[in-house]
Structures are given as C-alpha cells and as structure tokens.
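Chemist: To start, I am sharing the structure in question, which I have written as structure tokens.
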Amino acid sequence: MPSVISKIKHIAELGASYALKLRRPMNPPYQFSIEATNRCNFKCQFCPQSNPKHKDIRPVGELTLENFQCFVKKVKEAGGSNRNLSICLDGEPLMNKAFPELIKITRQEGFFPRFSSNGRLLTPDMIERLAPYGFLASVDFSSDAEVFETIRGRKGDFEIILENLRYLVDKASKEPGVRVEIIDITHFSQGDAEASLKKMRGLFPEKIPPSVKFWSREFHNFGGHLDLQKQKTGYKLCPYPWTSFTATWDGNVVACCRDTEAKTILGNVFEQSVLEIWRGKPYQEMREHLAAKHPERVRACVKCDMPWSRGSKRWGIGYAVSSLLRR
Ligand code: SF4
Ligand code: SF4
C-alpha cells in the first residue's frame, strides 16, 4: 500500500505536469487500464460496436493470463500511488473466460479491480466467483425494458440483467469489498435524466449500502460515433494524456479509454516499459497537440467532445486528484 507521502508526491507531480502542460510528465500514470477482450455480446446504439465494420478495424481477441501478469509487473515497476486497476476498454470483459482469474491476480498483486459490464454475464454464479476478491462493477441500465433493449441492440435481456443487478446489490450489502455503480441510460433516447434515474432507483431496495451508487450516464462521442460535438467553444485541455495509461488486449497503448478503435497507438506495453511509452515521442506529440489546442492533429481526438465544453463536465484534473485521494 503506498504511503501518504508517496500519494501526496504523486498528486503534486500530476497537478504540476498538467498545469505546466509538460510533454514529459514528472508523474507516472495515475490510472491504468487494460482490455480483457474486444468481443461483445451487445451492440449498443451509442457504441462503435454497433458499426458492422467495427470488428474489421482491429484484431479481435482476448487478454491472456501471461500477458496480464506481464502488464501488472510493468505497472508496479512504473510506480504511482493509485491502487485501482481497470480491466476493460472495448467489449464486454466477462466474454473473456479467464476473467475471474484476472480479478484474482489483480487482488493478489495488491490492486483493486474495476470493470464496466453490460450485466448479462454478471450472473449470481459469476458474482459468487468474483466476490471473495472484491471489485467495482459499473453497469448501464434503465427502468424501461423496451427502451433499454432498443438502445442495447438485443431483445429479451432486461429481466435477466435486473435479477443479476438485484443479486449484486444484495451481495454488496453483505461483502464490504463488492462495489457497484448502476448507471441510467434511458435518456439516451427519451425522457429527462433526473426522472428516469429516479424511476430506475425504484427498482432496487430502498435501503442500500454506500458501496452501491446510482447515476445518469453522460454520453460522449467515443470513436466519433455520436454527433455530440456541436459547438467547438470553451476549449479545455483534456487531462487523460497526463493521467491515464490504457492498453488493448494485445498490448497496444492507446490515447485513452475512449479510443476503443485504437486510432492512436503510442507503444506496446508487452514490448516496452510503461515509462518508456509514457515519456516516449508519440505520447509527447499527443500532449503537445492537445496543449496547442489542436485535437484534430491526433487521430483519436479528431471528433472527441472531451476538449470542448460538452464533454468535460465530470472529468478533469480535480476529479483525478480527488479519486486518487479516496484510495
Ligand atoms: S457499450 Fe459496452 S456493452 Fe454496449 S456494445 Fe459497447 S462494449 Fe458492448
Ligand atoms: S481528447 Fe478525447 S480521445 Fe483525445 S485523449 Fe482526450 S478523451 Fe481521449
């Protein structure tokens, strides 16, 4: 467990590197993520997976245990003080049959695993397998079966996912290490966000532990798939290149967790060290372009709404720092 002093040092370096727009940050990355698989059993309307050509854009495959161990070793060598590790990027992580093993290794190596799932494979049996290690699962949901199944591109799953989530919420109230975020997506196609969130919250017991949270999804334009970048005003420097380090299942380090099509490849973590990539030329060039207010010069960022006022409400350096302090 990192000491308080190492956390403070990490935060100070991160804040200074971002504020000074350094091409070579003083800090190691804050948030590490690796993709379990880019296969998915859903085709959500807001996701590049709904593009029939998506599977041709990059190789489809799964993270192996050997490669995951290699990744975790390199993350440890890089230093840093955040013990959260995200095991997702594109795809449904539970489609990787080795997923429970990935969670086990994460915990054994001293990290806390987080992942996003569509909830279909997060069955009571799977929850029981994962619960002893502890994890944070984020799952998109809705109170309206028809809206939900239309947005997610698959019929007949609403009730199954609702039962899975009820089991998960119950588990979180008994196991302190199990944490859940249930995120309302109804307002992607209809209604107002506040009302639909309230309705979705009503599907679960009134009394829930603090480890269970409900909120509304803020949709963003990942992969340039949605037309959300209406106004290019209020440029705000994207914090990801100073904070996050995200790899695909085959080790390619990409611009950020929104770059699910690996448009910008910055190195390969199975072949290079984390800091070699983090301070390498491709990362430096990306930071330089974003600092100069030219996101259109970075393939992953061309259509991204994050640097503009629409896409940067929740994420910012303050959010990064407060998350770092929480663990
Ligand atoms: S949002 Fe997630 S569940 Fe939906 S298609 Fe994309 S990867 Fe699959
Ligand atoms: S601008 Fe968008 S695509 Fe580029 S690094 Fe930031 S969040 Fe990722």
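By order of appearance in the structure tokens: chains A, B, ..., then residues from 1 within every chain, and ligands from 1 in the order shown.
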Pick out the residues no farther than 7 Å from ligand 2, counting only C-alpha atoms and all ligand atoms, and list them as JSON, numbers by chain.
Modeler: {"A": [238, 239, 240, 241, 255, 256, 257, 258, 259, 295, 300, 301, 304, 305, 306, 307]}
Chemist: How about saving the chosen residues, C-alpha atoms kept, as a PDB file, in the first residue's frame?
Modeler:
```pdb
ATOM      1  CA  CYS A 238      -8.082  17.001 -21.809  1.00  0.00           C
ATOM      2  CA  PRO A 239      -6.448  15.510 -18.686  1.00  0.00           C
ATOM      3  CA  TYR A 240      -6.134  11.923 -19.964  1.00  0.00           C
ATOM      4  CA  PRO A 241      -2.677  12.217 -21.578  1.00  0.00           C
ATOM      5  CA  ALA A 255      -4.879   7.597 -26.434  1.00  0.00           C
ATOM      6  CA  CYS A 256      -7.344   6.931 -23.620  1.00  0.00           C
ATOM      7  CA  CYS A 257     -10.325   4.809 -22.594  1.00  0.00           C
ATOM      8  CA  ARG A 258     -12.387   6.445 -25.366  1.00  0.00           C
ATOM      9  CA  ASP A 259     -10.034   5.221 -28.080  1.00  0.00           C
ATOM     10  CA  PRO A 295      -7.020  17.899 -31.086  1.00  0.00           C
ATOM     11  CA  ALA A 300      -8.239   9.512 -31.659  1.00  0.00           C
ATOM     12  CA  CYS A 301      -9.170  13.067 -30.694  1.00  0.00           C
ATOM     13  CA  CYS A 304     -13.908  13.722 -29.480  1.00  0.00           C
ATOM     14  CA  ASP A 305     -16.100  16.087 -27.479  1.00  0.00           C
ATOM     15  CA  MET A 306     -13.954  15.937 -24.326  1.00  0.00           C
ATOM     16  CA  PRO A 307     -11.874  19.079 -25.042  1.00  0.00           C
TER      17      PRO A 307
END
```
Chemist: Dump the neighbourhood of ligand 1 as a list of chain:residue names: all residues within 8 Å, distances computed on only C-alpha atoms and all ligand atoms.
Modeler: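 Those within range of ligand 1 are A:Asn38, A:Arg39, A:Cys40, A:Asn41, A:Phe42, A:Lys43, A:Cys44, A:Gln45, A:Phe46, A:Cys47, A:Pro48, A:Gln49, A:Ser50, A:Leu89, A:Asp90, A:Gly91, A:Glu92, A:Ser116, A:Ser117, A:Asn118, A:Arg152.
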Chemist: Could you save the residues just selected, with C-alpha atoms, as a PDB file, in the first residue's frame?
Modeler:
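Output file part00.pdb is given in full below:
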```
ATOM      1  CA  ASN A  38     -12.853  -6.513 -27.540  1.00  0.00           C
ATOM      2  CA  ARG A  39     -15.611  -9.066 -28.151  1.00  0.00           C
ATOM      3  CA  CYS A  40     -19.100  -8.028 -27.119  1.00  0.00           C
ATOM      4  CA  ASN A  41     -22.464  -9.758 -26.900  1.00  0.00           C
ATOM      5  CA  PHE A  42     -24.310  -6.408 -27.306  1.00  0.00           C
ATOM      6  CA  LYS A  43     -24.470  -3.719 -29.978  1.00  0.00           C
ATOM      7  CA  CYS A  44     -25.387  -0.560 -28.104  1.00  0.00           C
ATOM      8  CA  GLN A  45     -26.540   2.330 -30.256  1.00  0.00           C
ATOM      9  CA  PHE A  46     -24.094   4.735 -28.589  1.00  0.00           C
ATOM     10  CA  CYS A  47     -21.083   2.444 -29.040  1.00  0.00           C
ATOM     11  CA  PRO A  48     -18.774   1.841 -32.021  1.00  0.00           C
ATOM     12  CA  GLN A  49     -19.549  -1.898 -31.545  1.00  0.00           C
ATOM     13  CA  SER A  50     -22.864  -1.234 -33.333  1.00  0.00           C
ATOM     14  CA  LEU A  89     -11.742  -0.818 -22.706  1.00  0.00           C
ATOM     15  CA  ASP A  90     -13.778  -2.014 -25.666  1.00  0.00           C
ATOM     16  CA  GLY A  91     -16.025  -5.097 -25.484  1.00  0.00           C
ATOM     17  CA  GLU A  92     -17.634  -6.975 -22.607  1.00  0.00           C
ATOM     18  CA  SER A 116     -17.651  -1.969 -16.818  1.00  0.00           C
ATOM     19  CA  SER A 117     -20.055  -4.698 -17.838  1.00  0.00           C
ATOM     20  CA  ASN A 118     -23.380  -4.797 -19.631  1.00  0.00           C
ATOM     21  CA  ARG A 152     -28.559  -2.064 -26.299  1.00  0.00           C
TER      22      ARG A 152
END
```
Chemist: What is the distance between atom CA of Met200 of chain A and atom CA of Met126 of chain A, in Å to one decimal?
Modeler: 23.3 Å
Chemist: Go through segment 26-267 of chain A and collect every residue that DSSP, computed from the backbone, puts in helix (DSSP H, G or I); the answer should be as number ranges by chain.
Modeler: A: 48-50, 54-57, 65-78, 93-95, 99-108, 124-130, 145-152, 158-174, 186-188, 193-201, 222-224, 240-243
Chemist: Taking 6 positions as the minimum chain separation for residues in the same chain, which residues sit within 9 Å of Leu203 of chain A when counting only C-alpha atoms? Answer as a PyMOL selection string.
Modeler: chain A and resi 143+162+166
